[in-house]
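Q: Encoded as structure tokens, here's the structure I'll be asking about.
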Amino acid sequence: MAFEAGTYVWIPDAEEQALPCEVLTPFRAGEAGKVRDENGEDIDVTAEMSSKVVACDPEVLDAKIDNLIALNDLNENAILHNLRIRFKQDIIYTNVSSICISVNPFKLLPIYTPEIMDKYRENSRDLPPHVFKIADDSYRGMLAERQDQAVVISGESGAGKSEATKLMLQYITDIASRTGGTKQAASDDGAGSLEQQILQANPIMEAFGNAKTVRNNNSSRFGKLITIKFESNGGICGGSIINYLLEKSRVVFQAQGERNYHIFYQLCAGGKADAALQGAVQTTDPQDYKYLDQSGVIEIEGMNDEKEFNIVRRGFGTLGMHEESEVLPVLQIVAAVLHLGNIQFEVVQKAMEEDSSAVSNPAELDICAALLGIDSAELNKNLTSKNIGTRSVILVQYDVDKAKEARDALVKAVYGNLFQYIIDRINRSLAEGSTSDNPANIIGVLDIFGFESFETGNSFEQLCINFCNEKLQFHFNEHIFRLEQEVYAAEGVDVPRTDFKDNQPTLDLLEAKGEGIFPMTDEEINVPRGTDLTLLSKLQNKHGKHPQFSARAPAKAKVPDGANCFGVIHYAGVVYYNITNFLEKNKDQLPDDLKNMVQKSSTEFVANLIKDGEAPAEKTKVRSRGGGGKKSGSKTLGAQFKSSLNSLMTTLNAASPQFVRCMKPNKSKIGGVFEADMMIAQLRYSGLLEVCRIRKLGYPVRRDKTDYIRRYAVCCAGATELSAINASLSEQGILKEGQWAEGSSKMFMKNKQAQELEEAREGAIAGVLIKMQAMVRGAVFKYRYRRCIKTMADLKAAIVAREEDKLVASLDMFTELPHGGKHLAVYAEGKALLVRLTEERQLVTLLETSISARNKESLKSAVAAAAAMDPPFQHELLGTATELVARIEKEEEVIAGLKKAMAARDRGQLAELLAQATDMELDADEVRQGEALKTRLEEEEETIENIKSAIAARNITNLAAFLSKASEMGLSGPVFTEGTKLHAQLQAEQAAAKQLGEAVSQRDLDAINAAITKAESIGLAADTKEFVDAKALKATIENELAILAKVAAASAARDMAAIDAALAEAAGAGLSGMPEMDEANHVKEALAAEATAIAACVAAVAAGDMASLSAASAEASKLGLAGPEVQAVKAA
């Protein structure tokens, strides 16, 4: 084949597969030549290279081609290059007929703004491919055809399925709210509208069901079908969500470079910002938890976990979830999962039996038990042992590995059921907010996990995921290929057949009753002593010769643990599955001990999390190992998933489908990088290359003949038969040869032909409408003339009646007149009167409102406005308003006076103003305050007068009482000071008088002197009785003391005469019994005796009588007398 200069060829390229180049020098295949690529670089083509060169249509250089079937030369290179050049220009959406290819840009693009959304909502047909266009087609197709719609969003992990789903929902809810109105949720718990709930459910599901993988930072680890229900007017009336196969194993293990589910990291971040929440869930940093710190990744670039957590909590509120009874228990369970992962076990060595295990950090176990509302000891027991008894408890101890398995099983069960609760709670909110139990139609948006094949090994979960993708691929094939060919054959339309890769054999291998891989896996669970290896052996024996089954992984495939693997040749390629834990994962059961423990939780929320019983779907029974043939009621994971898929396919098959094929341009998740080998692989296994060919060859648009005639007869005047219509359309050049075909019951068209036919129809309808408009306008103008005459009469009557409603109605009718009737005098008069009436009505309303509110300024403003009107406005309320203004001003004057009088504490002024307030019946705080202050001032004055009276009377009792009252009232001043001083003086005088009295009663001269001195010092009145008595007693005592002193002196002098005189004076003073007097009498007696003795001595001497001398001498000696008389006796 020769390639001329100026033509284009495909040059093989190691990185880009093939590049379009312009031929510079002519050459033949197998000869050397020179070409120039799109970048202007010249390339020497060797003879070896030229043998692989093929011709290229230069149209592939045009990035504006947005539908691949529009390419004249449709081949793999052209398709790939079209996607590549569009991607380089940030054009990520391309159509294959009605199928939308979405290439993940791995960067933000300004193509999802409200302005862009508005453009697609206004006219999506003339706009380029976009996820909004798919959403718009689904919505409008539902309304036009009254048929349910389904949007299948597929692609491998990281291709952008989740983002496409969110954009799809955003557009549908927006256009539905504009078309049918926003539907407010029926509940009164603060929940948002249905549209808000549908959108806000997504971040919640992403938090609990999405995680970072090596392929995608926000990978959905579950599938979901979001169904939006619509009323006949296009408004949303409800919704629901079905989830498929959450990857529970991720909770307990993540590979290097991956993360656990977002909610765990969000809760840790949210707890740091909310101390109360952190205390309730007892979380710390993600690095502190085994389930979060085993993959080397804690944070995701560009994702703020705290911010995302706040969005999730707002989403809970939008759904109407109660913070204390629902949100907090959910978050506590999430925290409990983290703490469960931190429970560690240690070996308990035993001499006579196998080693067992024990919890080595009981504090962590206590936290888990508290969060889950279960007994700590019960949790400990069930994690380290199991009960194998049926009639009695027989515990078998776990070793450390088994204990870890039990812990992880509990975690997966709890989290899996929590996730299901979240989905059920979302559905309950959507049901509560539903405005109709019988929707007219639905739109289902399916966001399903992509095909998976991991080099590190694939397990039972990957088999389920890939089975789902096989089902969807079959649906895609059915819709695009098989049904396409069958329709052409049934209609008798000749279209070249295109072979496609039918994956029905693979589906039979997986699900055929009794012999498929899933049924055999279910059966092996019920086989006594059945193991993973016995299952592998049976699969190899049964399907060893099946064309889609590989009994063993070839050595060159370098599959880890290849001896325990089998292969399934899927539509996307062969995948080798490791049989290890197949049966256990398929059973998906929690040990009864752990299940019963959770169901007995003291927290109702936790207790209800794991329930007994089955879903209403068909059950596959599982019997316990060693249980013989008895089957329990539990359902295998595979059977559950298969049942869910069957239901899903029923939904999809009943709806009109739309397909969005998401594609991942590179493995590194970098913007602007387009890896050809990765893209071409996705194009091949997704079936898009076959779609391009069959759509190119076929007729993608088809209509029933009846509908076709009804729709396009307008283009052919007078034609009512199909043949006549087609002939006319062909003559007009609208129908073009090769662009359409007639079937037995349908008309078939290519996209361009259908578009041109629609444009012709719109033009024809426009022509008919113009004629109809001319006729209608004539009739309308005649009618309007009659209306004009009546309108003017009505307006004049309304002016005379001054009725605002009639004026408005009449003036509104003037809009139908030429120039809106503004040139007519009656219109101007009516308009002016309407303005006046409106002003009067507004003024009356203002007066009523101001009078009711007693608003002085508004009242004055209204009165002034009435006076300013021309002519001035008269109304009975104006008088009321004027009087009320005067009243308010007088009240304000009184209140101002009261404030001033209260500040000055002027009782007289207060009394006068209060009297005025009483006359006015003024009710104000100032009046009440003034009355209280007046009463207080009166009490104060009375108290002061009482103090004065007590001072004047020097009545200490009254004075004390009145001073106490004054003190309580906080009074002060000269009178209070004088009274206080006098009270102190009177108290001192009382004390002095008392002291005098006591001294007098004691007849203690020293005490009397001290009391007199004290009384004199405080100024006690001299005529005070106690003072007088004290002084008198003092004088008496002093006189008595002087007399007694004389008596004592006379006694001491032994002067008989002095003694007699002193004793006489003492007797005269009333003294008796005093020691001094007794002593004086004794001395007096002694002196008398001595005088008698001396006289006897003198007489004896004189007598010379010895007896007398002896007696006289003895008596003198007895008395101790001496002297001459005594000496004379002794001498004689």
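Note on naming: chains are A, B, ... as they come in the structure tokens, residues start from 1 per chain, ligands start from 1 in the order shown.
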Would you list the contacts of A:Ala924 as a compact mmCIF listing (two decimals) with C-alpha atoms, in the first residue's frame, taking every protein, DNA or RNA residue within 12 Å and counting only C-alpha atoms, but skipping same-chain residues closer than 5 positions in sequence?
A:
```txt
# COMPACT_ATOMS: atom_id res chain seq x y z
CA ILE A 888 -47.97 60.17 75.68
CA GLU A 891 -46.90 60.77 80.46
CA GLU A 892 -43.35 61.30 79.35
CA VAL A 894 -44.59 63.02 84.39
CA ILE A 895 -42.15 60.12 84.05
CA ALA A 896 -39.26 62.54 83.44
CA LEU A 898 -40.54 61.36 88.57
CA LYS A 899 -37.06 60.40 87.51
CA LEU A 914 -47.66 60.70 91.75
CA ALA A 917 -49.97 59.85 87.56
CA THR A 918 -52.92 58.56 89.57
CA GLN A 929 -40.67 53.19 91.71
CA GLY A 930 -41.81 56.70 92.74
CA GLU A 931 -44.53 55.32 94.99
```
Q: Show which residues sit within 10 Å of A:Gln985, as number ranges by chain. Count only C-alpha atoms, and ignore same-chain residues fewer than 2 positions away.
A: A: 954, 956, 979-983, 987-991, 1018-1020
Q: Residues as selected, N, CA, C and O atoms, written as a short mmCIF file (atom, residue, chain, number, x, y, z; two decimals), in the first residue's frame, can you do that?
A:
```cif
data_model
loop_
_atom_site.label_atom_id
_atom_site.label_comp_id
_atom_site.auth_asym_id
_atom_site.auth_seq_id
_atom_site.Cartn_x
_atom_site.Cartn_y
_atom_site.Cartn_z
N ARG A 954 -34.54 62.05 126.36
CA ARG A 954 -33.40 61.24 126.83
C ARG A 954 -33.88 59.85 127.22
O ARG A 954 -33.45 59.26 128.19
N ILE A 956 -33.68 56.30 126.60
CA ILE A 956 -32.72 55.40 125.94
C ILE A 956 -33.41 54.23 125.23
O ILE A 956 -32.96 53.78 124.18
N GLY A 979 -28.26 61.33 117.89
CA GLY A 979 -28.95 60.27 118.61
C GLY A 979 -28.00 59.14 118.99
O GLY A 979 -28.09 58.61 120.10
N THR A 980 -27.13 58.80 118.04
CA THR A 980 -26.17 57.74 118.32
C THR A 980 -25.25 58.15 119.49
O THR A 980 -24.96 57.35 120.40
N LYS A 981 -24.83 59.44 119.43
CA LYS A 981 -23.93 59.94 120.49
C LYS A 981 -24.65 59.95 121.84
O LYS A 981 -24.10 59.53 122.88
N LEU A 982 -25.89 60.42 121.84
CA LEU A 982 -26.66 60.48 123.08
C LEU A 982 -26.93 59.07 123.60
O LEU A 982 -26.88 58.83 124.82
N HIS A 983 -27.22 58.17 122.67
CA HIS A 983 -27.47 56.80 123.10
C HIS A 983 -26.27 56.22 123.81
O HIS A 983 -26.38 55.54 124.85
N GLN A 987 -26.15 55.23 127.72
CA GLN A 987 -25.69 53.90 128.12
C GLN A 987 -24.59 54.00 129.16
O GLN A 987 -24.56 53.24 130.15
N ALA A 988 -23.68 54.99 128.97
CA ALA A 988 -22.58 55.17 129.93
C ALA A 988 -23.12 55.61 131.29
O ALA A 988 -22.67 55.15 132.35
N GLU A 989 -24.12 56.54 131.30
CA GLU A 989 -24.70 57.00 132.55
C GLU A 989 -25.41 55.86 133.27
O GLU A 989 -25.33 55.73 134.50
N GLN A 990 -26.11 55.03 132.48
CA GLN A 990 -26.77 53.87 133.10
C GLN A 990 -25.75 52.97 133.77
O GLN A 990 -25.95 52.48 134.88
N ALA A 991 -24.64 52.77 133.07
CA ALA A 991 -23.60 51.90 133.62
C ALA A 991 -23.00 52.51 134.88
O ALA A 991 -22.75 51.82 135.88
N ILE A 1018 -17.98 61.01 133.41
CA ILE A 1018 -18.90 60.97 132.28
C ILE A 1018 -19.97 62.04 132.38
O ILE A 1018 -20.85 62.14 131.54
N GLY A 1019 -19.92 62.81 133.47
CA GLY A 1019 -20.87 63.93 133.62
C GLY A 1019 -22.22 63.51 134.13
O GLY A 1019 -23.23 64.13 133.77
N LEU A 1020 -22.28 62.47 134.99
CA LEU A 1020 -23.55 62.05 135.54
C LEU A 1020 -24.11 63.16 136.42
O LEU A 1020 -23.39 63.77 137.22
#
```
Q: Compile the contact shell of A:Asp44 as a PyMOL selection string: residues with an atom at most 9 Å away, counting only C-alpha atoms, same-chain residues fewer than 4 positions apart removed.
A: chain A and resi 32-36
Q: Export C-alpha atoms of the chosen residues as a CSV table (one decimal), in the first residue's frame?
A:
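Full text of selection.csv as output:
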```
chain,number,residue,atom,x,y,z
A,32,ALA,CA,11.5,3.7,4.5
A,33,GLY,CA,9.9,7.1,4.7
A,34,LYS,CA,9.5,10.3,6.7
A,35,VAL,CA,6.5,11.6,8.7
A,36,ARG,CA,5.7,14.5,11.0
```
Q: So how many Å separate atom CA of A:Thr283 and atom CA of A:Leu267, to one decimal?
A: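 Between atom CA of A:Thr283 and atom CA of A:Leu267 the gap is 7.7 Å.
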Q: Got a sec: who's within 10 Å of A:Asp366, counting only C-alpha atoms, leaving out chain neighbours fewer than 5 positions off, as a PyMOL selection string?
A: chain A and resi 339-340+343+361+371-372+374-377+379-380
Q: Got time to write the residues from that selection, all heavy atoms, as a compact mmCIF listing (two decimals), in the first residue's frame?
A:
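The result, written out as again-v8.txt:
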```
# COMPACT_ATOMS: atom_id res chain seq x y z
N HIS A 339 -11.33 0.51 69.67
CA HIS A 339 -10.80 0.00 70.94
C HIS A 339 -10.75 -1.53 70.95
O HIS A 339 -9.84 -2.12 71.56
CB HIS A 339 -11.65 0.52 72.10
CG HIS A 339 -11.46 1.98 72.38
ND1 HIS A 339 -10.30 2.48 72.91
CD2 HIS A 339 -12.28 3.05 72.18
CE1 HIS A 339 -10.41 3.79 73.06
NE2 HIS A 339 -11.60 4.16 72.60
N LEU A 340 -11.70 -2.18 70.30
CA LEU A 340 -11.64 -3.64 70.20
C LEU A 340 -10.37 -4.08 69.49
O LEU A 340 -9.74 -5.07 69.87
CB LEU A 340 -12.87 -4.16 69.45
CG LEU A 340 -14.16 -4.30 70.27
CD1 LEU A 340 -15.35 -4.54 69.35
CD2 LEU A 340 -14.05 -5.43 71.28
N ILE A 343 -7.39 -4.48 71.76
CA ILE A 343 -7.33 -5.53 72.77
C ILE A 343 -6.25 -6.56 72.36
O ILE A 343 -6.27 -7.07 71.25
CB ILE A 343 -8.70 -6.23 72.92
CG1 ILE A 343 -9.73 -5.25 73.49
CG2 ILE A 343 -8.59 -7.46 73.80
CD1 ILE A 343 -11.11 -5.83 73.63
N ASN A 361 -4.42 -6.50 78.24
CA ASN A 361 -4.67 -5.09 78.58
C ASN A 361 -6.14 -4.90 78.95
O ASN A 361 -6.93 -4.38 78.15
CB ASN A 361 -4.27 -4.15 77.43
CG ASN A 361 -4.90 -4.56 76.10
OD1 ASN A 361 -5.36 -5.68 75.94
ND2 ASN A 361 -4.91 -3.63 75.15
N LEU A 371 -18.49 1.18 76.12
CA LEU A 371 -19.03 1.79 74.89
C LEU A 371 -20.15 0.94 74.30
O LEU A 371 -21.10 1.47 73.70
CB LEU A 371 -17.92 1.99 73.86
CG LEU A 371 -16.90 3.08 74.18
CD1 LEU A 371 -15.73 3.03 73.20
CD2 LEU A 371 -17.55 4.46 74.14
N LEU A 372 -20.05 -0.39 74.44
CA LEU A 372 -21.05 -1.28 73.87
C LEU A 372 -22.16 -1.63 74.86
O LEU A 372 -23.13 -2.30 74.49
CB LEU A 372 -20.38 -2.56 73.37
CG LEU A 372 -19.43 -2.42 72.18
CD1 LEU A 372 -18.73 -3.73 71.88
CD2 LEU A 372 -20.19 -1.93 70.94
N ILE A 374 -21.97 -3.65 77.48
CA ILE A 374 -21.96 -5.07 77.83
C ILE A 374 -21.04 -5.29 79.02
O ILE A 374 -20.18 -4.45 79.34
CB ILE A 374 -21.52 -5.95 76.64
CG1 ILE A 374 -20.14 -5.52 76.13
CG2 ILE A 374 -22.52 -5.87 75.52
CD1 ILE A 374 -19.65 -6.33 74.95
N ASP A 375 -21.19 -6.44 79.67
CA ASP A 375 -20.39 -6.75 80.85
C ASP A 375 -18.96 -7.04 80.45
O ASP A 375 -18.70 -7.82 79.52
CB ASP A 375 -20.99 -7.95 81.59
CG ASP A 375 -20.22 -8.27 82.85
OD1 ASP A 375 -20.25 -7.47 83.79
OD2 ASP A 375 -19.55 -9.33 82.86
N SER A 376 -18.01 -6.43 81.14
CA SER A 376 -16.60 -6.58 80.80
C SER A 376 -16.15 -8.04 80.94
O SER A 376 -15.41 -8.56 80.10
CB SER A 376 -15.76 -5.66 81.69
OG SER A 376 -14.40 -5.77 81.36
N ALA A 377 -16.60 -8.68 82.00
CA ALA A 377 -16.20 -10.08 82.22
C ALA A 377 -16.79 -10.98 81.13
O ALA A 377 -16.14 -11.93 80.66
CB ALA A 377 -16.66 -10.54 83.60
N LEU A 379 -17.49 -10.09 78.03
CA LEU A 379 -16.71 -9.83 76.82
C LEU A 379 -15.38 -10.57 76.88
O LEU A 379 -14.95 -11.19 75.90
CB LEU A 379 -16.48 -8.32 76.66
CG LEU A 379 -15.61 -7.89 75.47
CD1 LEU A 379 -16.23 -8.33 74.16
CD2 LEU A 379 -15.42 -6.37 75.48
N ASN A 380 -14.75 -10.52 78.02
CA ASN A 380 -13.47 -11.23 78.20
C ASN A 380 -13.64 -12.72 77.94
O ASN A 380 -12.87 -13.34 77.21
CB ASN A 380 -12.96 -10.95 79.62
CG ASN A 380 -11.54 -11.44 79.81
OD1 ASN A 380 -10.94 -12.07 78.93
ND2 ASN A 380 -10.97 -11.16 80.97
```
Q: Applying 9 Å and only C-alpha atoms, which residues near stretch 384-390 of chain A remain after dropping the ones on its own chain fewer than 6 positions away? List them as a VMD selection string.
A: chain A and resid 345 356 to 359 396 to 400 402 to 404 406 to 407 591 to 594
Q: When DSSP is applied to the backbone of this structure, which of stretch 396-601 of chain A are assigned strand (DSSP E)? Write them out as a list in words.
A: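 In stretch 396-601 of chain A, DSSP puts these residues in strand (DSSP E): Val396, Gln397, Asn441, Ile442, Ile443, Gly444, Val445, Leu446, Asp447, Phe549, Ser550, Cys565, Phe566, Gly567, Val568, Ile569, His570, Gly573, Val574, Val575, Tyr576, Tyr577 and Asn578 of chain A.
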Q: Could you give me the residues within stretch 677-760 of chain A that DSSP places in helix (DSSP H, G or I), as an MDAnalysis selection string?
A: chainID A and resid 677:685 688:697 705:715 722:731 751:760
Q: Can you tell me which residues surround stretch 507-523 of chain A at a distance of at most 8 Å, considering only C-alpha atoms, apart from same-chain residues fewer than 4 positions away, and format the answer as a CSV table (one decimal) with all heavy atoms, in the first residue's frame?
A:
```
chain,number,residue,atom,x,y,z
A,467,PHE,N,-18.3,-11.2,39.9
A,467,PHE,CA,-19.6,-11.8,39.5
A,467,PHE,C,-20.6,-10.7,39.2
A,467,PHE,O,-21.3,-10.7,38.2
A,467,PHE,CB,-20.1,-12.7,40.6
A,467,PHE,CG,-21.4,-13.3,40.4
A,467,PHE,CD1,-21.8,-13.9,39.2
A,467,PHE,CD2,-22.4,-13.2,41.4
A,467,PHE,CE1,-23.1,-14.4,39.0
A,467,PHE,CE2,-23.7,-13.7,41.2
A,467,PHE,CZ,-24.0,-14.3,40.0
A,470,GLU,N,-19.7,-9.2,36.0
A,470,GLU,CA,-20.1,-10.0,34.9
A,470,GLU,C,-21.6,-9.9,34.6
A,470,GLU,O,-22.1,-9.8,33.4
A,470,GLU,CB,-19.9,-11.5,35.3
A,470,GLU,CG,-18.4,-11.9,35.2
A,470,GLU,CD,-17.9,-12.0,33.8
A,470,GLU,OE1,-18.6,-11.9,32.8
A,470,GLU,OE2,-16.6,-12.2,33.7
A,471,LYS,N,-22.4,-9.8,35.7
A,471,LYS,CA,-23.9,-9.6,35.5
A,471,LYS,C,-24.2,-8.2,34.8
A,471,LYS,O,-25.0,-8.2,33.9
A,471,LYS,CB,-24.6,-9.5,36.9
A,471,LYS,CG,-24.8,-10.9,37.5
A,471,LYS,CD,-26.1,-11.5,36.9
A,471,LYS,CE,-26.5,-12.7,37.7
A,471,LYS,NZ,-27.7,-13.3,37.2
A,503,ASN,N,-20.6,-13.2,27.6
A,503,ASN,CA,-20.1,-13.7,28.8
A,503,ASN,C,-21.1,-14.6,29.5
A,503,ASN,O,-21.0,-14.9,30.7
A,503,ASN,CB,-19.7,-12.6,29.8
A,503,ASN,CG,-20.9,-11.7,30.2
A,503,ASN,OD1,-21.9,-11.7,29.5
A,503,ASN,ND2,-20.7,-11.1,31.3
A,527,VAL,N,-21.4,-29.9,54.0
A,527,VAL,CA,-20.8,-31.2,53.9
A,527,VAL,C,-20.0,-31.4,55.2
A,527,VAL,O,-19.1,-30.6,55.5
A,527,VAL,CB,-19.9,-31.3,52.7
A,527,VAL,CG1,-19.1,-32.7,52.7
A,527,VAL,CG2,-20.7,-31.2,51.4
A,535,LEU,N,-13.3,-28.2,48.6
A,535,LEU,CA,-14.0,-27.4,47.7
A,535,LEU,C,-13.2,-27.2,46.4
A,535,LEU,O,-13.7,-27.3,45.3
A,535,LEU,CB,-14.4,-26.1,48.3
A,535,LEU,CG,-15.0,-25.0,47.3
A,535,LEU,CD1,-16.3,-25.6,46.7
A,535,LEU,CD2,-15.2,-23.7,48.0
A,539,LEU,N,-14.1,-28.3,42.6
A,539,LEU,CA,-14.2,-27.3,41.5
A,539,LEU,C,-13.3,-27.7,40.4
A,539,LEU,O,-13.7,-27.6,39.2
A,539,LEU,CB,-13.8,-25.9,42.0
A,539,LEU,CG,-14.8,-25.2,43.0
A,539,LEU,CD1,-14.2,-23.9,43.5
A,539,LEU,CD2,-16.1,-25.0,42.3
A,542,LYS,N,-15.0,-30.7,38.6
A,542,LYS,CA,-16.2,-30.4,38.0
A,542,LYS,C,-16.0,-29.6,36.7
A,542,LYS,O,-16.6,-29.8,35.7
A,542,LYS,CB,-17.2,-29.8,39.0
A,542,LYS,CG,-18.5,-29.4,38.4
A,542,LYS,CD,-19.3,-30.7,38.1
A,542,LYS,CE,-20.7,-30.3,37.6
A,542,LYS,NZ,-21.5,-31.5,37.2
A,543,HIS,N,-15.2,-28.6,36.9
A,543,HIS,CA,-15.1,-27.5,35.8
A,543,HIS,C,-13.7,-27.5,35.1
A,543,HIS,O,-13.4,-26.6,34.4
A,543,HIS,CB,-15.3,-26.2,36.4
A,543,HIS,CG,-16.7,-26.0,37.0
A,543,HIS,ND1,-17.8,-26.1,36.3
A,543,HIS,CD2,-17.0,-25.8,38.3
A,543,HIS,CE1,-18.9,-25.9,37.1
A,543,HIS,NE2,-18.4,-25.7,38.4
A,546,HIS,N,-14.0,-26.7,31.6
A,546,HIS,CA,-14.8,-25.6,31.2
A,546,HIS,C,-13.9,-24.5,30.5
A,546,HIS,O,-12.9,-24.2,31.1
A,546,HIS,CB,-15.5,-25.0,32.4
A,546,HIS,CG,-16.7,-24.1,32.1
A,546,HIS,ND1,-16.5,-22.8,31.6
A,546,HIS,CD2,-18.0,-24.2,32.2
A,546,HIS,CE1,-17.6,-22.2,31.4
A,546,HIS,NE2,-18.6,-23.1,31.8
A,548,GLN,N,-14.1,-21.4,30.5
A,548,GLN,CA,-13.9,-20.2,31.3
A,548,GLN,C,-13.3,-20.5,32.6
A,548,GLN,O,-13.2,-19.6,33.5
A,548,GLN,CB,-15.2,-19.5,31.5
A,548,GLN,CG,-16.0,-19.1,30.2
A,548,GLN,CD,-15.2,-18.3,29.2
A,548,GLN,OE1,-14.9,-18.7,28.1
A,548,GLN,NE2,-14.8,-17.1,29.7
A,549,PHE,N,-12.8,-21.7,32.8
A,549,PHE,CA,-12.3,-22.1,34.1
A,549,PHE,C,-10.8,-22.5,34.0
A,549,PHE,O,-10.5,-23.2,33.0
A,549,PHE,CB,-13.1,-23.2,34.8
A,549,PHE,CG,-12.7,-23.6,36.1
A,549,PHE,CD1,-13.1,-22.9,37.2
A,549,PHE,CD2,-11.8,-24.7,36.4
A,549,PHE,CE1,-12.7,-23.3,38.5
A,549,PHE,CE2,-11.4,-25.1,37.6
A,549,PHE,CZ,-11.9,-24.3,38.7
A,582,PHE,N,-12.4,-19.4,51.9
A,582,PHE,CA,-13.6,-19.3,51.1
A,582,PHE,C,-14.9,-19.7,51.9
A,582,PHE,O,-15.9,-18.9,51.9
A,582,PHE,CB,-13.5,-20.2,49.8
A,582,PHE,CG,-13.4,-19.4,48.6
A,582,PHE,CD1,-12.4,-18.5,48.4
A,582,PHE,CD2,-14.2,-19.6,47.5
A,582,PHE,CE1,-12.3,-17.7,47.2
A,582,PHE,CE2,-14.1,-18.9,46.3
A,582,PHE,CZ,-13.1,-18.0,46.2
A,583,LEU,N,-14.9,-20.8,52.5
A,583,LEU,CA,-16.0,-21.3,53.2
A,583,LEU,C,-16.4,-20.4,54.4
A,583,LEU,O,-17.6,-20.1,54.6
A,583,LEU,CB,-15.8,-22.7,53.7
A,583,LEU,CG,-15.6,-23.8,52.6
A,583,LEU,CD1,-15.5,-25.2,53.2
A,583,LEU,CD2,-16.7,-23.7,51.5
A,586,ASN,N,-17.8,-17.2,53.2
A,586,ASN,CA,-19.2,-17.4,52.6
A,586,ASN,C,-20.2,-17.6,53.7
A,586,ASN,O,-21.3,-17.2,53.6
A,586,ASN,CB,-19.2,-18.6,51.7
A,586,ASN,CG,-20.4,-18.7,50.9
A,586,ASN,OD1,-21.1,-17.7,50.6
A,586,ASN,ND2,-20.8,-19.9,50.5
A,620,THR,N,-30.5,-19.8,51.5
A,620,THR,CA,-29.6,-21.0,51.3
A,620,THR,C,-29.2,-21.4,52.7
A,620,THR,O,-28.5,-20.7,53.4
A,620,THR,CB,-28.4,-20.6,50.5
A,620,THR,OG1,-28.8,-20.2,49.2
A,620,THR,CG2,-27.5,-21.8,50.4
A,622,VAL,N,-27.4,-23.2,55.9
A,622,VAL,CA,-26.1,-23.6,56.3
A,622,VAL,C,-26.2,-24.4,57.6
A,622,VAL,O,-26.7,-23.9,58.6
A,622,VAL,CB,-25.2,-22.3,56.6
A,622,VAL,CG1,-23.8,-22.7,57.0
A,622,VAL,CG2,-25.2,-21.4,55.3
A,636,THR,N,-26.0,-17.8,53.4
A,636,THR,CA,-24.6,-17.6,53.1
A,636,THR,C,-24.5,-16.2,52.4
A,636,THR,O,-25.4,-15.7,51.8
A,636,THR,CB,-24.1,-18.6,52.1
A,636,THR,OG1,-24.8,-18.5,50.9
A,636,THR,CG2,-24.2,-20.0,52.7
A,638,GLY,N,-22.7,-15.6,49.8
A,638,GLY,CA,-22.9,-15.7,48.3
A,638,GLY,C,-24.3,-15.7,47.9
A,638,GLY,O,-24.7,-15.1,46.9
A,639,ALA,N,-25.2,-16.4,48.7
A,639,ALA,CA,-26.6,-16.5,48.4
A,639,ALA,C,-27.3,-15.2,48.5
A,639,ALA,O,-28.1,-14.8,47.7
A,639,ALA,CB,-27.3,-17.6,49.3
```
Q: Give me the residues within 12 Å of A:Gln874 as a JSON list (two decimals) with C-alpha atoms, in the first residue's frame, counting only C-alpha atoms and dropping any in the same chain fewer than 4 places off.
A:
```json
[["chain", "number", "residue", "atom", "x", "y", "z"],
["A", 840, "GLU", "CA", -54.70, 56.44, 52.75],
["A", 843, "LEU", "CA", -51.76, 55.66, 56.58],
["A", 844, "VAL", "CA", -54.78, 54.13, 58.32],
["A", 862, "ALA", "CA", -48.77, 59.69, 60.51],
["A", 863, "VAL", "CA", -50.54, 62.88, 61.59],
["A", 864, "ALA", "CA", -47.99, 64.97, 59.72],
["A", 865, "ALA", "CA", -48.32, 62.79, 56.63],
["A", 866, "ALA", "CA", -52.12, 63.15, 56.71],
["A", 867, "ALA", "CA", -51.79, 66.91, 56.95],
["A", 868, "ALA", "CA", -49.26, 66.96, 54.08],
["A", 869, "MET", "CA", -51.57, 65.12, 51.70],
["A", 870, "ASP", "CA", -53.34, 67.23, 49.11],
["A", 878, "LEU", "CA", -56.36, 61.22, 63.39],
["A", 879, "GLY", "CA", -58.14, 62.77, 66.39],
["A", 880, "THR", "CA", -57.44, 59.69, 68.44]]
```
Q: Kindly indicate which residue among A:Gln278, A:Asn202, A:Gln995, A:Gln420 lies nearest to A:Ser162, using only C-alpha atoms for the distances.
A: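 Of A:Gln278, A:Asn202, A:Gln995, A:Gln420, the one nearest A:Ser162, counting only C-alpha atoms, is A:Asn202.
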Q: Please compute the atom CA of A:Ser240-atom CA of A:Ile226 distance, one decimal, in Å.
A: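 One can read the atom CA of A:Ser240 to atom CA of A:Ile226 distance as 6.0 Å.
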